[in-house]
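K.L.:
Here you go, one structure.
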Amino acid sequence: MSLSQEAINEFKDIYKKEYDKELSDAEASEAAHNLFNFTKTIWDIAEHQARLKHRIKKEPDGFPVDGHYSCIVCCISINPETGWYDRWYQKCKPCKNAVRDKTIPTFVCEHRDSYYSMWHLKDKFGIKTPTAKKLIKEGKLKARVILTEDGKPHDYIFLKKENPDLIDPDRHTPARKSYDRHRDKMSKIWAREETKKVKAEFRKKISR
């Protein structure tokens, strides 16, 4: 979709006000179109999520995913044959069963930072899989083990609240705290502007 010159000029004004920098027509056009396409993608995703939630009301037990996704828990690739969607989002079948039988709590599906996976242990703490399994046996680490249908381990979930000795070394450095503050500030500014633009574009569409 091509934006009108009026919309591009409006983008230039917003950019000048926010960053005190003047954009050329070409720069403003490219940036405005990129932003619009990004916003449209977000809008399409939101519409898709709304349709899924509406379907969940009719099919509360869930249904096969309608495309290719990543499991919200273990992150493996899933498709209509291997994945399932319910009120706790898209999951592979082992993770779906683990949520339903309460092997893992439902908040794992909503809060990615509430737990560590096995690869997190290696990446953040230098704990390799064999060492992690040894620590589990010794009771020094507590794991929620997600099993396959034949009873073999599919994945290991380490809830942060059950493993207080695992402290993310990156979360408490001054640099990380500064980064988080800046990220939150910019996210709020971006969200405000995006909300205004989405509403404006939506009004234009429905008025045609």
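By convention in this document, the chains of the structure tokens carry letters A, B, ... by their order, each chain's residues are numbered from 1, and ligands are numbered from 1 in the order they are shown.
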So which bits of region 69-119 of chain A end up alpha helix (DSSP H) when you DSSP the backbone, as a JSON list (two decimals) with C-alpha atoms, in the first residue's frame?
P.N.:
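Result written to selection-v2.json:
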```
[["chain", "number", "residue", "atom", "x", "y", "z"],
["A", 93, "LYS", "CA", 2.18, -32.31, 22.12],
["A", 94, "PRO", "CA", 4.59, -33.22, 24.95],
["A", 95, "CYS", "CA", 4.44, -29.67, 26.33],
["A", 96, "LYS", "CA", 0.66, -29.58, 25.89],
["A", 97, "ASN", "CA", 0.36, -32.76, 27.96],
["A", 98, "ALA", "CA", 2.80, -31.42, 30.56],
["A", 99, "VAL", "CA", 0.61, -28.34, 31.08],
["A", 100, "ARG", "CA", -2.57, -30.40, 31.27],
["A", 107, "PHE", "CA", 2.40, -19.42, 33.91],
["A", 108, "VAL", "CA", 5.36, -20.94, 32.05],
["A", 109, "CYS", "CA", 3.37, -20.39, 28.84],
["A", 110, "GLU", "CA", 2.85, -16.71, 29.58],
["A", 118, "MET", "CA", 18.54, -26.73, 29.72],
["A", 119, "TRP", "CA", 20.24, -24.55, 27.12]]
```
K.L.:
With a distance cut-off of 9 Å and only C-alpha atoms, select the neighbouring residues of Leu141 (chain A), excluding the residue or stretch itself and same-chain residues fewer than 4 positions from it, and output the selection as a list in words.
P.N.:
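Near Leu141 (chain A), the qualifying residues are Ala132, Lys133, Lys134, Leu135, Ile136, Lys137, Phe158, Glu162, Asn163, Asp165 and Leu166 of chain A.
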K.L.:
Neighbouring residues of region 28-40 of chain A were defined as those with any atom within 8 Å, considering only C-alpha atoms; residues of the same chain fewer than 4 positions away were excluded. Please report them as a list in words.
P.N.:
Ser2, Leu3, Ile8, Asn9, Phe11, Lys12, Leu23, Ser24, Asp44, Glu194 and Val198 of chain A
K.L.:
Could you write out the selected residues, including N, CA and C atoms, as a compact mmCIF listing (two decimals), in the first residue's frame?
P.N.:
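Result written to selection22.txt:
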```
# COMPACT_ATOMS: atom_id res chain seq x y z
N SER A 2 0.52 2.24 -0.82
CA SER A 2 1.27 3.48 -0.91
C SER A 2 0.64 4.53 0.00
N LEU A 3 1.48 5.16 0.83
CA LEU A 3 0.98 6.19 1.72
C LEU A 3 0.86 7.52 0.99
N ILE A 8 3.03 11.10 4.85
CA ILE A 8 4.49 11.19 4.93
C ILE A 8 4.92 12.49 5.59
N ASN A 9 4.24 13.58 5.25
CA ASN A 9 4.55 14.87 5.87
C ASN A 9 4.26 14.84 7.37
N PHE A 11 4.46 12.22 9.21
CA PHE A 11 5.55 11.44 9.79
C PHE A 11 6.78 12.32 10.00
N LYS A 12 7.09 13.16 9.02
CA LYS A 12 8.23 14.07 9.13
C LYS A 12 8.07 15.00 10.33
N LEU A 23 13.99 15.15 8.19
CA LEU A 23 14.18 14.09 7.20
C LEU A 23 13.88 14.62 5.81
N SER A 24 14.62 14.10 4.83
CA SER A 24 14.30 14.43 3.44
C SER A 24 13.02 13.69 3.05
N ASP A 44 -2.13 -7.44 11.78
CA ASP A 44 -2.55 -8.74 11.27
C ASP A 44 -2.38 -9.83 12.32
N GLU A 194 2.63 4.39 17.84
CA GLU A 194 2.07 3.32 17.00
C GLU A 194 0.56 3.22 17.19
N VAL A 198 -1.97 3.48 14.10
CA VAL A 198 -2.86 2.36 13.77
C VAL A 198 -4.31 2.82 13.76
```
K.L.:
Enter the distance from CA of Lys91 (chain A) to CA of Ile42 (chain A), in Å, rounded to one decimal.
P.N.:
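Taking CA of Lys91 (chain A) as the start and CA of Ile42 (chain A) as the end point, the length is 21.3 Å.
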K.L.:
Given the choices A:Ile167, A:Ile189, A:Leu52, A:Ile72, which gets closest to Phe125 (chain A) if the distance is worked out from only C-alpha atoms?
P.N.:
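The shortest atom-to-atom distance to Phe125 (chain A) comes from A:Ile167.
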K.L.:
Suppose you want the space between CA of Arg55 (chain A) and CA of Thr41 (chain A); what is it in Å?
P.N.:
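According to the coordinates, CA of Arg55 (chain A) and CA of Thr41 (chain A) are separated by 21.2 Å.
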K.L.:
Could you state the separation of CA of Arg51 (chain A) and CA of Asp101 (chain A) in Å, given to one decimal place?
P.N.:
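About the pair CA of Arg51 (chain A) and CA of Asp101 (chain A): they are 26.7 Å apart.
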K.L.:
Leaving out Asp86 (chain A) and any residue of its chain fewer than 4 positions from it, which residues lie within 9 Å of it when counting only C-alpha atoms, given as a PyMOL selection string?
P.N.:
chain A and resi 52-53+56+59-64+90-91+96
K.L.:
Extract, using only C-alpha atoms, all DNA, RNA and protein residues at most 10 Å from Leu121 (chain A), discarding same-chain residues fewer than 5 positions from it, and format them as a compact mmCIF listing (two decimals) with C-alpha atoms, in the first residue's frame.
P.N.:
```txt
# COMPACT_ATOMS: atom_id res chain seq x y z
CA TYR A 116 15.33 -21.61 32.61
CA GLY A 126 28.17 -22.72 31.98
CA ILE A 127 26.33 -25.79 33.27
CA LYS A 128 26.40 -28.47 30.58
CA THR A 129 23.61 -31.03 30.24
CA THR A 131 26.39 -31.76 34.84
CA ALA A 132 22.82 -30.46 35.11
CA PHE A 158 13.87 -25.14 35.85
CA LEU A 166 20.34 -19.75 39.87
CA ASP A 168 21.03 -14.62 36.04
```
K.L.:
Residues of chain A in strand (DSSP E or B) according to DSSP, as a list in words?
P.N.:
Phe63, Pro64, Tyr69, Ser70, Ser77, Ile78, Gly83, Trp84, Tyr85, Asp86, Tyr89, Gln90, Lys91, Cys92, Tyr115, Tyr116, Ser117, Arg144, Val145, Ile146, Leu147, Pro153, His154, Asp155, Tyr156, Ile157, Phe158 and Leu159 of chain A
K.L.:
May I have the residues from that selection written out with C-alpha atoms, as a PDB file, in the first residue's frame?
P.N.:
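Everything below was put into selection26.pdb:
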```pdb
ATOM      1  CA  PHE A  63      -7.325 -27.572  18.190  1.00  0.00           C
ATOM      2  CA  PRO A  64      -4.334 -28.265  15.889  1.00  0.00           C
ATOM      3  CA  TYR A  69       5.023 -22.157  14.710  1.00  0.00           C
ATOM      4  CA  SER A  70       7.472 -22.600  17.580  1.00  0.00           C
ATOM      5  CA  SER A  77       9.121 -26.210  15.395  1.00  0.00           C
ATOM      6  CA  ILE A  78       5.523 -27.451  15.222  1.00  0.00           C
ATOM      7  CA  GLY A  83       1.265 -28.811  17.411  1.00  0.00           C
ATOM      8  CA  TRP A  84      -1.784 -27.858  19.443  1.00  0.00           C
ATOM      9  CA  TYR A  85      -3.368 -24.514  20.328  1.00  0.00           C
ATOM     10  CA  ASP A  86      -5.424 -23.929  23.460  1.00  0.00           C
ATOM     11  CA  TYR A  89      -1.113 -20.757  23.276  1.00  0.00           C
ATOM     12  CA  GLN A  90       0.675 -22.996  20.798  1.00  0.00           C
ATOM     13  CA  LYS A  91       2.609 -26.000  22.036  1.00  0.00           C
ATOM     14  CA  CYS A  92       4.088 -29.273  20.892  1.00  0.00           C
ATOM     15  CA  TYR A 115      12.114 -20.362  34.151  1.00  0.00           C
ATOM     16  CA  TYR A 116      15.331 -21.611  32.606  1.00  0.00           C
ATOM     17  CA  SER A 117      15.591 -24.360  30.034  1.00  0.00           C
ATOM     18  CA  ARG A 144      10.162 -30.230  35.876  1.00  0.00           C
ATOM     19  CA  VAL A 145      10.683 -33.014  33.325  1.00  0.00           C
ATOM     20  CA  ILE A 146       8.456 -32.950  30.256  1.00  0.00           C
ATOM     21  CA  LEU A 147       8.013 -36.462  28.876  1.00  0.00           C
ATOM     22  CA  PRO A 153      12.525 -36.886  28.629  1.00  0.00           C
ATOM     23  CA  HIS A 154      11.533 -34.286  26.054  1.00  0.00           C
ATOM     24  CA  ASP A 155      12.692 -31.177  27.898  1.00  0.00           C
ATOM     25  CA  TYR A 156      13.665 -29.910  31.333  1.00  0.00           C
ATOM     26  CA  ILE A 157      12.143 -26.804  32.902  1.00  0.00           C
ATOM     27  CA  PHE A 158      13.869 -25.137  35.853  1.00  0.00           C
ATOM     28  CA  LEU A 159      11.454 -22.749  37.556  1.00  0.00           C
TER      29      LEU A 159
END
```
